[in-house]
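Printed here is input04.cif (mmCIF, C-alpha atoms):
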data_structure
#
loop_
_atom_site.label_atom_id
_atom_site.label_comp_id
_atom_site.auth_asym_id
_atom_site.auth_seq_id
_atom_site.Cartn_x
_atom_site.Cartn_y
_atom_site.Cartn_z
CA MET A 691 5.11 -8.69 25.38
CA ALA A 692 5.09 -8.08 21.63
CA ALA A 693 5.63 -11.77 20.92
CA SER A 694 2.65 -12.70 23.11
CA LEU A 695 0.33 -10.85 20.76
CA LEU A 696 0.98 -13.55 18.16
CA GLU A 697 -0.09 -16.37 20.46
CA PRO A 698 -3.69 -17.65 20.75
CA PRO A 699 -5.34 -15.39 23.32
CA PHE A 700 -6.67 -18.16 25.55
CA SER A 701 -4.13 -20.95 25.13
CA ALA A 702 -2.45 -22.46 28.15
CA THR A 703 0.95 -21.39 26.87
CA HIS A 704 0.03 -17.77 26.37
CA SER A 705 2.47 -15.44 28.10
CA LEU A 706 -0.34 -13.73 30.00
CA PHE A 707 -0.60 -16.91 32.08
CA SER A 708 3.11 -17.14 32.89
CA ASN A 709 4.50 -16.75 36.40
CA SER A 710 5.32 -13.12 35.71
CA HIS A 711 1.64 -12.27 35.68
CA LEU A 712 -1.29 -13.01 37.97
CA SER A 713 -1.49 -16.61 39.23
CA PHE A 714 -4.60 -18.65 39.83
CA LYS A 715 -4.51 -20.81 42.97
CA PRO A 716 -6.94 -23.49 44.19
CA GLN A 717 -9.37 -22.23 46.77
CA SER A 718 -8.76 -23.04 50.45
CA SER A 719 -10.58 -22.42 53.71
CA LYS A 720 -8.39 -19.52 54.79
CA PRO A 721 -10.61 -16.46 55.26
CA THR A 722 -9.88 -13.55 53.05
CA ASN A 723 -11.80 -10.56 51.74
CA ASN A 724 -12.34 -11.08 48.01
CA HIS A 725 -14.67 -9.94 45.28
CA PHE A 726 -15.91 -12.05 42.43
CA ILE A 727 -17.14 -11.23 38.94
CA PRO A 728 -19.63 -13.69 37.46
CA LEU A 729 -19.20 -14.13 33.71
CA LEU A 730 -22.51 -13.71 31.89
CA ARG A 731 -21.33 -16.02 29.13
CA SER A 732 -21.17 -18.98 31.56
CA PRO A 733 -24.18 -21.28 31.88
CA PRO A 734 -25.99 -21.31 35.25
CA SER A 735 -24.11 -24.41 36.43
CA ALA A 736 -20.67 -22.94 35.85
CA THR A 737 -18.53 -21.82 38.77
CA PRO A 738 -17.68 -18.07 38.73
CA ILE A 739 -14.00 -17.20 38.34
CA CYS A 740 -12.28 -15.74 41.42
CA LEU A 741 -9.60 -13.10 41.05
CA CYS A 742 -6.90 -12.95 43.77
CA ALA A 743 -3.33 -11.87 44.18
CA ASP A 744 -0.46 -14.31 43.89
CA ARG A 745 -0.09 -16.70 46.89
CA GLU A 746 -3.50 -15.69 48.34
CA THR A 747 -6.37 -18.13 48.92
CA VAL A 748 -10.12 -17.60 49.12
CA ASP A 749 -13.14 -19.21 50.73
CA PRO A 750 -15.81 -20.87 48.62
CA LEU A 751 -18.08 -18.27 47.10
CA PRO A 752 -21.30 -17.50 48.95
CA THR A 753 -24.65 -18.19 47.35
CA PRO A 754 -26.00 -15.02 45.68
CA PRO A 755 -28.97 -13.42 47.49
CA SER A 756 -32.40 -14.37 46.22
CA SER A 757 -33.12 -10.72 45.44
CA LEU A 758 -30.68 -10.79 42.50
CA PRO A 759 -32.00 -11.76 39.00
CA GLU A 760 -31.82 -15.47 38.34
CA THR A 761 -28.73 -16.56 36.49
CA ALA A 762 -30.78 -18.64 34.04
CA GLU A 763 -32.78 -15.59 32.93
CA THR A 764 -29.61 -13.56 32.54
CA SER A 765 -28.07 -16.33 30.49
CA GLN A 766 -31.17 -16.62 28.31
CA ASP A 767 -31.18 -12.87 27.67
CA TYR A 768 -27.52 -12.98 26.77
CA ASN A 769 -27.96 -15.95 24.43
CA ALA A 770 -30.89 -14.19 22.75
CA ALA A 771 -28.73 -11.12 22.24
CA LEU A 772 -26.03 -13.30 20.71
CA GLU A 773 -28.57 -14.86 18.34
CA ARG A 774 -29.81 -11.41 17.27
CA ASN A 775 -26.24 -10.26 16.74
CA GLY A 776 -25.52 -13.38 14.71
CA ASP A 777 -28.59 -12.76 12.57
CA GLN A 778 -27.52 -9.17 11.92
CA ARG A 779 -24.02 -10.26 10.94
CA LYS A 780 -25.50 -12.85 8.59
CA ILE A 781 -27.68 -10.19 6.95
CA VAL A 782 -24.67 -7.90 6.44
CA ARG A 783 -22.58 -10.76 5.04
CA ILE A 784 -25.29 -11.78 2.58
CA ALA A 785 -25.79 -8.15 1.47
CA TRP A 786 -22.06 -7.78 0.83
CA GLU A 787 -21.86 -11.06 -1.09
CA LYS A 788 -24.78 -9.97 -3.28
CA LEU A 789 -23.02 -6.67 -3.99
CA VAL A 790 -19.81 -8.43 -4.98
CA ARG A 791 -21.66 -10.90 -7.24
CA TRP A 792 -23.58 -8.07 -8.91
CA SER A 793 -20.33 -6.14 -9.46
CA ARG A 794 -18.61 -9.13 -11.07
CA SER A 795 -21.60 -9.88 -13.27
CA TRP A 796 -21.86 -6.25 -14.38
CA ARG A 797 -18.15 -6.07 -15.23
CA SER A 798 -18.31 -9.23 -17.32
CA LYS A 799 -21.28 -7.89 -19.33
CA SER A 800 -19.98 -4.33 -19.75
CA LYS A 801 -16.60 -5.17 -21.28
CA THR A 802 -16.08 -3.41 -24.59
CA ASP A 803 -13.23 -2.89 -26.99
CA VAL A 804 -12.82 0.89 -26.46
CA LEU A 805 -9.37 0.50 -24.95
CA GLU A 806 -8.39 -2.14 -27.49
CA ARG A 807 -9.41 0.13 -30.39
CA THR A 808 -7.62 3.16 -28.96
CA ASN A 809 -4.12 3.53 -30.37
CA LYS A 810 -3.24 7.14 -29.64
CA VAL A 811 -4.25 9.74 -27.06
CA VAL A 812 -3.06 13.34 -26.96
CA VAL A 813 -2.89 15.54 -23.85
CA LEU A 814 -2.83 19.30 -24.43
CA GLY A 815 -0.75 20.88 -21.67
CA GLY A 816 2.21 19.77 -19.59
CA GLY A 817 1.02 20.91 -16.16
CA SER A 818 0.51 18.74 -13.10
CA PHE A 819 -2.97 17.43 -13.87
CA GLY A 820 -2.29 16.95 -17.57
CA THR A 821 0.82 14.95 -16.69
CA ALA A 822 -1.05 12.84 -14.13
CA MET A 823 -3.81 12.06 -16.61
CA ALA A 824 -1.28 11.20 -19.32
CA ALA A 825 0.42 8.78 -16.91
CA HIS A 826 -2.90 7.19 -15.95
CA VAL A 827 -3.97 6.64 -19.56
CA ALA A 828 -0.52 5.36 -20.57
CA ASP A 829 -0.67 2.76 -17.80
CA ARG A 830 -3.96 1.43 -19.16
CA LYS A 831 -2.27 -0.19 -22.18
CA GLU A 832 1.42 -0.66 -22.87
CA GLN A 833 0.98 -0.37 -26.64
CA LEU A 834 -0.99 2.90 -26.36
CA GLU A 835 0.83 5.97 -27.65
CA VAL A 836 0.30 8.99 -25.42
CA ASN A 837 1.48 12.34 -26.81
CA MET A 838 1.82 15.38 -24.56
CA LEU A 839 1.76 18.74 -26.33
CA VAL A 840 3.87 21.06 -24.15
CA ARG A 841 5.28 24.52 -24.74
CA ASP A 842 8.36 24.32 -22.48
CA PRO A 843 11.31 22.74 -24.36
CA GLU A 844 12.98 21.81 -21.08
CA VAL A 845 9.93 19.86 -19.91
CA CYS A 846 9.68 18.24 -23.33
CA GLN A 847 13.29 17.09 -23.22
CA SER A 848 12.96 15.86 -19.61
CA ILE A 849 9.95 13.70 -20.48
CA ASN A 850 11.47 12.21 -23.63
CA GLU A 851 14.98 11.56 -22.33
CA ASN A 852 14.48 10.82 -18.63
CA HIS A 853 10.74 10.04 -18.38
CA PHE A 854 10.20 12.72 -15.74
CA ASN A 855 8.32 16.01 -15.80
CA CYS A 856 11.17 18.03 -14.29
CA LYS A 857 8.89 20.96 -13.43
CA TYR A 858 5.93 19.31 -11.74
CA PHE A 859 6.83 15.70 -10.93
CA PRO A 860 10.62 15.39 -10.75
CA ALA A 861 10.38 12.34 -8.47
CA HIS A 862 7.73 10.37 -10.38
CA LYS A 863 8.85 8.32 -13.35
CA LEU A 864 6.44 8.43 -16.27
CA PRO A 865 5.48 5.41 -18.40
CA GLU A 866 7.79 4.97 -21.37
CA ASN A 867 4.91 5.11 -23.86
CA ILE A 868 4.49 8.85 -23.13
CA VAL A 869 6.08 11.09 -25.75
CA ALA A 870 6.28 14.87 -25.37
CA THR A 871 6.37 17.31 -28.26
CA THR A 872 6.03 21.01 -28.99
CA ASP A 873 4.63 20.25 -32.48
CA ALA A 874 0.82 20.47 -32.43
CA LYS A 875 0.38 18.83 -35.82
CA ALA A 876 2.47 15.80 -34.87
CA ALA A 877 0.73 15.46 -31.50
CA LEU A 878 -2.82 15.58 -32.91
CA GLN A 879 -2.32 13.50 -36.03
CA GLY A 880 -4.14 10.18 -35.75
CA ALA A 881 -5.33 10.77 -32.16
CA ASP A 882 -8.42 8.89 -30.94
CA PHE A 883 -9.02 11.07 -27.86
CA CYS A 884 -7.80 14.52 -26.81
CA PHE A 885 -7.47 15.62 -23.16
CA HIS A 886 -7.53 19.41 -22.77
CA ALA A 887 -5.51 20.52 -19.72
CA VAL A 888 -4.75 24.15 -20.64
CA PRO A 889 -5.85 26.80 -18.06
CA VAL A 890 -9.25 28.28 -18.91
CA GLN A 891 -8.07 31.87 -19.42
CA PHE A 892 -5.57 30.77 -22.10
CA SER A 893 -7.68 28.09 -23.75
CA ALA A 894 -9.40 30.10 -26.50
CA SER A 895 -6.21 31.58 -27.95
CA PHE A 896 -4.36 28.27 -27.63
CA LEU A 897 -7.10 26.30 -29.42
CA GLU A 898 -7.43 28.86 -32.18
CA GLY A 899 -3.74 28.36 -32.89
CA ILE A 900 -4.06 24.58 -33.35
CA ALA A 901 -7.55 24.42 -34.88
CA ASP A 902 -6.21 23.53 -38.34
CA PHE A 903 -4.74 20.28 -37.00
CA VAL A 904 -7.85 19.11 -35.10
CA ASP A 905 -10.01 16.43 -36.70
CA PRO A 906 -13.73 17.46 -36.60
CA GLY A 907 -14.62 14.11 -35.03
CA LEU A 908 -11.88 14.07 -32.37
CA PRO A 909 -13.48 13.83 -28.89
CA PHE A 910 -12.25 16.57 -26.53
CA ILE A 911 -12.15 15.70 -22.83
CA SER A 912 -11.84 18.86 -20.76
CA LEU A 913 -9.80 18.76 -17.54
CA SER A 914 -9.87 22.56 -17.11
CA LYS A 915 -12.10 24.12 -14.45
CA GLY A 916 -13.22 27.73 -14.50
CA LEU A 917 -15.00 30.48 -16.41
CA GLU A 918 -13.58 32.75 -19.06
CA LEU A 919 -13.32 36.13 -17.38
CA ASN A 920 -14.60 38.46 -20.11
CA THR A 921 -17.18 36.22 -21.77
CA LEU A 922 -18.35 34.12 -18.76
CA ARG A 923 -18.13 31.05 -21.00
CA MET A 924 -17.54 27.53 -19.73
CA MET A 925 -15.21 25.07 -21.47
CA SER A 926 -18.13 23.39 -23.25
CA GLN A 927 -18.68 26.75 -24.98
CA ILE A 928 -15.03 27.77 -25.38
CA ILE A 929 -13.74 24.62 -27.14
CA PRO A 930 -16.28 24.35 -30.01
CA ARG A 931 -16.18 28.10 -30.60
CA ALA A 932 -12.37 28.31 -30.67
CA LEU A 933 -12.12 25.31 -33.00
CA GLY A 934 -14.84 26.68 -35.28
CA ASN A 935 -16.82 23.45 -34.99
CA PRO A 936 -20.06 23.53 -32.94
CA ARG A 937 -20.34 19.73 -33.34
CA GLN A 938 -16.93 18.91 -31.88
CA PRO A 939 -17.49 15.91 -29.55
CA TYR A 940 -17.13 17.14 -25.97
CA VAL A 941 -16.81 15.52 -22.56
CA VAL A 942 -15.95 17.14 -19.22
CA LEU A 943 -14.03 15.19 -16.56
CA SER A 944 -14.29 16.43 -12.99
CA GLY A 945 -14.40 15.33 -9.38
CA PRO A 946 -12.24 15.23 -6.23
CA SER A 947 -8.78 14.49 -7.60
CA PHE A 948 -5.34 15.84 -6.78
CA ALA A 949 -2.70 15.21 -9.44
CA LEU A 950 -0.18 13.97 -6.87
CA GLU A 951 -2.51 11.24 -5.65
CA LEU A 952 -3.28 10.19 -9.21
CA MET A 953 0.45 9.84 -9.80
CA ASN A 954 0.68 7.69 -6.67
CA LYS A 955 -2.17 5.50 -7.98
CA LEU A 956 -4.32 6.09 -4.91
CA PRO A 957 -8.04 5.23 -5.20
CA THR A 958 -9.93 8.07 -6.92
CA ALA A 959 -13.49 8.57 -8.16
CA MET A 960 -14.47 11.07 -10.86
CA VAL A 961 -17.36 11.80 -13.21
CA VAL A 962 -17.48 12.28 -16.99
CA ALA A 963 -20.36 14.32 -18.38
CA SER A 964 -21.50 14.59 -21.96
CA ARG A 965 -24.74 15.21 -23.79
CA ASP A 966 -23.77 12.19 -25.90
CA LYS A 967 -24.32 9.16 -23.68
CA LYS A 968 -22.28 6.84 -25.91
CA MET A 969 -19.34 9.23 -25.78
CA ALA A 970 -19.53 9.45 -21.97
CA ASN A 971 -19.56 5.65 -21.77
CA ALA A 972 -16.57 5.39 -24.10
CA VAL A 973 -14.50 7.76 -21.96
CA GLN A 974 -15.60 5.90 -18.85
CA GLU A 975 -14.31 2.65 -20.32
CA LEU A 976 -11.08 4.30 -21.42
CA LEU A 977 -10.28 5.64 -17.93
CA ALA A 978 -11.83 3.23 -15.42
CA SER A 979 -9.23 1.07 -13.67
CA ARG A 980 -8.47 -0.58 -10.35
CA SER A 981 -7.43 2.77 -8.91
CA MET A 982 -10.01 4.99 -10.65
CA ARG A 983 -13.79 4.85 -10.63
CA ILE A 984 -15.59 6.81 -13.33
CA ASN A 985 -19.28 7.73 -13.12
CA THR A 986 -21.18 9.13 -16.11
CA SER A 987 -23.59 12.05 -16.30
CA SER A 988 -25.49 14.03 -18.91
CA ASP A 989 -25.42 17.23 -16.81
CA VAL A 990 -22.54 19.08 -18.46
CA THR A 991 -23.62 22.45 -17.02
CA GLY A 992 -23.82 21.14 -13.46
CA VAL A 993 -20.42 19.44 -13.58
CA GLU A 994 -18.72 22.48 -15.13
CA ILE A 995 -20.26 25.20 -12.98
CA ALA A 996 -19.59 23.23 -9.78
CA GLY A 997 -15.98 22.72 -10.84
CA ALA A 998 -15.57 26.44 -11.50
CA LEU A 999 -17.27 27.79 -8.38
CA LYS A 1000 -15.65 25.41 -5.91
CA ASN A 1001 -12.29 27.06 -6.65
CA VAL A 1002 -13.63 30.42 -5.47
CA LEU A 1003 -15.13 28.84 -2.36
CA ALA A 1004 -11.78 27.18 -1.63
CA ILE A 1005 -10.14 30.63 -1.46
CA ALA A 1006 -12.74 31.64 1.14
CA ALA A 1007 -12.05 28.47 3.14
CA GLY A 1008 -8.33 29.23 3.04
CA ILE A 1009 -8.96 32.76 4.31
CA VAL A 1010 -10.85 31.34 7.30
CA GLU A 1011 -7.87 29.08 8.01
CA GLY A 1012 -5.38 31.93 7.59
CA LEU A 1013 -7.33 34.11 10.02
CA ASN A 1014 -7.52 31.23 12.56
CA LEU A 1015 -11.28 31.59 12.87
CA GLY A 1016 -11.80 28.00 13.97
CA ASN A 1017 -13.77 24.98 12.88
CA ASN A 1018 -17.24 26.40 13.54
CA SER A 1019 -16.77 29.25 11.11
CA MET A 1020 -15.13 26.95 8.54
CA ALA A 1021 -18.14 24.64 8.55
CA ALA A 1022 -20.58 27.57 8.39
CA LEU A 1023 -18.71 29.20 5.53
CA VAL A 1024 -18.48 26.05 3.39
CA ALA A 1025 -22.15 25.24 4.02
CA GLN A 1026 -23.14 28.76 2.94
CA GLY A 1027 -20.85 28.51 -0.10
CA CYS A 1028 -22.44 25.20 -1.13
CA SER A 1029 -25.86 26.84 -0.97
CA GLU A 1030 -24.69 29.75 -3.13
CA ILE A 1031 -23.25 27.35 -5.72
CA ARG A 1032 -26.54 25.44 -5.75
CA TRP A 1033 -28.60 28.60 -6.18
CA LEU A 1034 -26.64 29.77 -9.21
CA ALA A 1035 -26.12 26.35 -10.81
CA THR A 1036 -29.80 25.41 -10.70
CA LYS A 1037 -30.74 28.79 -12.17
CA MET A 1038 -28.38 27.96 -15.04
CA GLY A 1039 -30.09 24.61 -15.60
CA ALA A 1040 -27.95 22.25 -13.52
CA LYS A 1041 -29.46 19.28 -11.70
CA SER A 1042 -29.40 19.51 -7.91
CA THR A 1043 -28.32 15.84 -7.73
CA THR A 1044 -25.16 16.71 -9.67
CA LEU A 1045 -24.24 19.28 -7.04
CA THR A 1046 -24.36 16.69 -4.26
CA GLY A 1047 -22.23 14.22 -6.21
CA LEU A 1048 -18.55 13.83 -6.99
CA SER A 1049 -18.19 16.98 -9.10
CA GLY A 1050 -20.08 19.06 -6.52
CA THR A 1051 -19.86 18.17 -2.84
CA GLY A 1052 -16.98 15.75 -3.42
CA ASP A 1053 -14.76 18.29 -5.15
CA ILE A 1054 -15.77 21.05 -2.72
CA MET A 1055 -14.73 19.00 0.32
CA LEU A 1056 -11.38 18.11 -1.20
CA THR A 1057 -10.57 21.63 -2.37
CA CYS A 1058 -11.74 23.44 0.77
CA PHE A 1059 -10.29 21.18 3.45
CA VAL A 1060 -7.01 19.77 2.09
CA ASN A 1061 -3.67 21.60 2.01
CA LEU A 1062 -2.76 20.33 -1.47
CA SER A 1063 -5.38 22.69 -2.94
CA ARG A 1064 -3.78 25.62 -4.78
CA ASN A 1065 -6.85 27.83 -4.34
CA ARG A 1066 -7.08 27.07 -0.63
CA THR A 1067 -3.38 27.91 -0.30
CA VAL A 1068 -4.02 31.31 -1.90
CA GLY A 1069 -6.75 31.93 0.67
CA VAL A 1070 -4.59 30.87 3.61
CA ARG A 1071 -1.87 33.27 2.56
CA LEU A 1072 -4.36 36.09 1.99
CA GLY A 1073 -5.79 35.49 5.46
CA SER A 1074 -2.26 35.55 6.89
CA GLY A 1075 -1.69 39.04 5.50
CA GLU A 1076 0.22 38.46 2.25
CA THR A 1077 -0.67 40.41 -0.88
CA LEU A 1078 -2.18 38.65 -3.87
CA ASP A 1079 0.63 39.80 -6.17
CA ASP A 1080 3.27 38.28 -3.92
CA ILE A 1081 1.30 35.03 -3.64
CA LEU A 1082 0.78 34.59 -7.37
CA SER A 1083 4.36 35.49 -8.25
CA SER A 1084 5.64 32.75 -5.96
CA MET A 1085 3.44 30.01 -7.46
CA ASN A 1086 4.41 27.88 -10.46
CA GLN A 1087 0.83 26.70 -11.07
CA VAL A 1088 -2.42 28.52 -11.85
CA ALA A 1089 -5.05 29.01 -9.13
CA GLU A 1090 -8.16 29.24 -11.31
CA GLY A 1091 -10.31 30.61 -8.48
CA VAL A 1092 -8.51 33.97 -8.60
CA SER A 1093 -9.51 34.72 -12.19
CA THR A 1094 -12.88 32.98 -11.89
CA ALA A 1095 -14.09 35.02 -8.90
CA GLY A 1096 -15.04 38.10 -10.91
CA ALA A 1097 -16.76 36.02 -13.60
CA VAL A 1098 -18.81 34.21 -10.97
CA ILE A 1099 -20.20 37.46 -9.60
CA ALA A 1100 -21.05 38.67 -13.10
CA LEU A 1101 -22.97 35.42 -13.63
CA ALA A 1102 -24.75 35.87 -10.31
CA GLN A 1103 -25.91 39.32 -11.36
CA LYS A 1104 -27.04 37.96 -14.74
CA TYR A 1105 -29.18 35.27 -13.09
CA LYS A 1106 -30.23 37.51 -10.16
CA VAL A 1107 -28.72 35.33 -7.44
CA LYS A 1108 -27.29 36.69 -4.16
CA MET A 1109 -23.92 35.14 -3.31
CA PRO A 1110 -22.46 36.88 -0.22
CA VAL A 1111 -19.47 34.59 0.40
CA LEU A 1112 -18.30 34.32 -3.20
CA THR A 1113 -18.86 38.07 -3.74
CA ALA A 1114 -16.66 38.78 -0.72
CA VAL A 1115 -13.90 36.63 -2.25
CA ALA A 1116 -14.11 38.60 -5.50
CA ARG A 1117 -13.81 41.88 -3.57
CA ILE A 1118 -10.78 40.58 -1.63
CA VAL A 1119 -9.11 39.39 -4.85
CA ASP A 1120 -9.70 42.85 -6.36
CA ASN A 1121 -8.00 44.37 -3.28
CA GLU A 1122 -11.15 46.33 -2.43
CA LEU A 1123 -11.85 44.54 0.85
CA THR A 1124 -9.65 43.08 3.57
CA PRO A 1125 -10.30 39.54 4.80
CA THR A 1126 -11.03 40.79 8.34
CA LYS A 1127 -13.50 43.39 7.12
CA ALA A 1128 -15.18 40.78 4.90
CA VAL A 1129 -15.75 38.49 7.89
CA PHE A 1130 -17.24 41.39 9.88
CA GLU A 1131 -19.64 42.30 7.08
CA LEU A 1132 -20.71 38.70 6.47
CA MET A 1133 -21.41 38.12 10.16
CA ASN A 1134 -23.56 41.26 10.25
CA LEU A 1135 -25.81 40.27 7.37
CA PRO A 1136 -29.52 40.07 8.29
CA GLN A 1137 -30.60 36.94 10.14
CA VAL A 1138 -32.68 34.94 7.66
CA GLU A 1139 -34.62 31.72 7.28
CA GLU A 1140 -32.46 28.92 5.95
CA VAL A 1141 -33.22 28.16 2.29
#

Spell out the structure here as structure tokens.
Amino acid sequence: MAASLLEPPFSATHSLFSNSHLSFKPQSSKPTNNHFIPLLRSPPSATPICLCADRETVDPLPTPPSSLPETAETSQDYNAALERNGDQRKIVRIAWEKLVRWSRSWRSKSKTDVLERTNKVVVLGGGSFGTAMAAHVADRKEQLEVNMLVRDPEVCQSINENHFNCKYFPAHKLPENIVATTDAKAALQGADFCFHAVPVQFSASFLEGIADFVDPGLPFISLSKGLELNTLRMMSQIIPRALGNPRQPYVVLSGPSFALELMNKLPTAMVVASRDKKMANAVQELLASRSMRINTSSDVTGVEIAGALKNVLAIAAGIVEGLNLGNNSMAALVAQGCSEIRWLATKMGAKSTTLTGLSGTGDIMLTCFVNLSRNRTVGVRLGSGETLDDILSSMNQVAEGVSTAGAVIALAQKYKVKMPVLTAVARIVDNELTPTKAVFELMNLPQVEEV
């Protein structure tokens, strides 16, 4: 039967018409009880097809009663429907062709020499996302030198000698134009762009230690998501302050993106935000490829605060999963969490459109619903009854939502915003509330008008 699927569906030699299937015999005068199915596609003069078992015969078909709709009208209606369907398909085809032509025209006009002029890129941090971004940039141009500044000598040796990050991606070979080093001065010297992939809570002290080697005009592209616990600062505030240069060029890169899928070159879309439009465009041109779409934005606050808060919401989503509360409660919780993020972000000056884009809704969906999320995994294990200490000690990567939760609530109090779901997560992380008790309290909040 499998071979028959490759044959024309209505050819005379198709296996469906072989002797092993139903046969079609000429009609005879022998009486038999049969049913017929008129085909609407046939014109009025066509003879309806009779279906019968093998070796059976049928009488000529009776004339349909006059009470039935005329075949000509039925045929006309059907032909009109076909014409309408054809018109709709033509409209869709033309719309798609216009989109493709516009895309090609735009690409031909927007080509610049950013990638051609870029000779060296440095990535600060040897974690999973820093490694994935280093690999992506290195693949953009064979002659591009990509330096990874790492602190683990074993990882450094593994990358340089075997072209693998033995700790995070032992099965993914890295491009040969990636060089790892533990020497900050050597890594930063002559760099055209710098990707910052150090966890937020360690960023200030790390940057202060390398500030002397950073060129004042070197653009920093932040990959780190979160808030500094004690100061409530975002990365756009941490980096210039730690480097002692308020004019340090800054771009934030965010959006729904797992490092593993970047390494596998699966289609990904992200957003770069900067108050300097030319800088955002330059980073867009540096990163955009066949497997990565890059949008630009000027809303640095919106992109950063959404990236920080979604990690806390992902812990809540994981708790719902760990408690087996079902899909209804998962949807309700994430919807409420999105509202809380919007309330705080807009109070801080973010644009509401940013929060429904890639760095907002896009990243929230990925982090809350997919098992690859570290923060969601923490929540699942909390909901299953494990202690936070045991969870964190067993992980080899940082779950930023754990440390960000307390900072988020402090921000909410500063801007006078009520955030029930994210506050509950902070209380659970502080071991002052159990997941089950948190669900009970949230469900017993006053019934309110949706805002």

remark   = What separates atom CA of A:Asp803 and atom CA of A:Lys955 is a distance of 23.5 Å

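For the structure in this document, the set picked by the PyMOL selection byres ((chain A and resi 975) around 10) is A:Ser800, A:Lys801, A:Thr802, A:Asp803, A:Val804, A:Leu805, A:Met969, A:Ala970, A:Asn971, A:Ala972, A:Val973, A:Gln974, A:Leu976, A:Leu977, A:Ala978, A:Ser979, A:Arg983, A:Ile984.
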
Would you output that residue set with C-alpha atoms, as a PDB file, in the frame of the given file?
ATOM      1  CA  SER A 800     -19.980  -4.330 -19.750  1.00  0.00           C
ATOM      2  CA  LYS A 801     -16.600  -5.170 -21.280  1.00  0.00           C
ATOM      3  CA  THR A 802     -16.080  -3.410 -24.590  1.00  0.00           C
ATOM      4  CA  ASP A 803     -13.230  -2.890 -26.990  1.00  0.00           C
ATOM      5  CA  VAL A 804     -12.820   0.890 -26.460  1.00  0.00           C
ATOM      6  CA  LEU A 805      -9.370   0.500 -24.950  1.00  0.00           C
ATOM      7  CA  MET A 969     -19.340   9.230 -25.780  1.00  0.00           C
ATOM      8  CA  ALA A 970     -19.530   9.450 -21.970  1.00  0.00           C
ATOM      9  CA  ASN A 971     -19.560   5.650 -21.770  1.00  0.00           C
ATOM     10  CA  ALA A 972     -16.570   5.390 -24.100  1.00  0.00           C
ATOM     11  CA  VAL A 973     -14.500   7.760 -21.960  1.00  0.00           C
ATOM     12  CA  GLN A 974     -15.600   5.900 -18.850  1.00  0.00           C
ATOM     13  CA  LEU A 976     -11.080   4.300 -21.420  1.00  0.00           C
ATOM     14  CA  LEU A 977     -10.280   5.640 -17.930  1.00  0.00           C
ATOM     15  CA  ALA A 978     -11.830   3.230 -15.420  1.00  0.00           C
ATOM     16  CA  SER A 979      -9.230   1.070 -13.670  1.00  0.00           C
ATOM     17  CA  ARG A 983     -13.790   4.850 -10.630  1.00  0.00           C
ATOM     18  CA  ILE A 984     -15.590   6.810 -13.330  1.00  0.00           C
TER      19      ILE A 984
END

request  = Please identify all polymer residues within 9 Å of A:Pro930, counting all atoms listed in the file, omitting same-chain residues fewer than 6 positions from it, and present them as a VMD selection string.
outcome  = chain A and resid 936 to 940

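In this comparison, which uses only C-alpha atoms, the residue of A:Arg791, A:Arg807, A:Arg774, A:Lys1000 approaching A:Leu1056 most closely is A:Lys1000.
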
query = So what does the PyMOL selection byres ((chain A and resi 1026) around 10) actually pick up in this one, as a list in words?
reply = Leu1003, Met1020, Ala1021, Ala1022, Leu1023, Val1024, Ala1025, Gly1027, Cys1028, Ser1029, Glu1030, Ile1031, Arg1032, Met1109, Pro1110, Val1111, Leu1112 and Glu1140 of chain A

query = Can you tell me how far atom CA of A:Ala894 sits from atom CA of A:Ala932, in Å to one decimal?
reply =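 Spanning atom CA of A:Ala894 to atom CA of A:Ala932 is a straight-line distance of 5.4 Å.
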
request  = With the file shown as input, list the residues that the PyMOL selection byres ((chain A and resi 825) around 8) selects, as a list in words.
outcome  =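 What the PyMOL selection byres ((chain A and resi 825) around 8) grabs from the file is Thr821, Ala822, Met823, Ala824, His826, Val827, Ala828, Asp829, Leu864, Pro865, Ile868 and Met953 of chain A.
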
task = Excluding A:Cys856 and residues on its chain fewer than 2 positions from it, collect all residues at most 12 Å away from it, counting all atoms listed in the file, and give them as a ChimeraX atom specification.
result = /A:816-818,821,842-854,858-864

For atom CA of A:Ser893 and atom CA of A:Thr808, the interatomic separation in Å (one decimal) = 25.5 Å

request  = Enumerate, as a list in words, the protein, DNA and RNA residues whose atoms approach (-21.3, 12.8, -5.9) to within 10 Å, taking into account only C-alpha atoms and the coordinate frame of the file.
outcome  = Gly945, Pro946, Ala959, Met960, Val961, Asn985, Thr1043, Thr1044, Leu1045, Thr1046, Gly1047, Leu1048, Ser1049, Gly1050, Thr1051, Gly1052 and Asp1053 of chain A

ask   = Counting only C-alpha atoms, which of A:Lys1104, A:Arg841, A:Lys875, A:Arg1066 gets nearest to A:Val888?
value =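 Of the candidates, the smallest distance to A:Val888 is held by A:Arg841.
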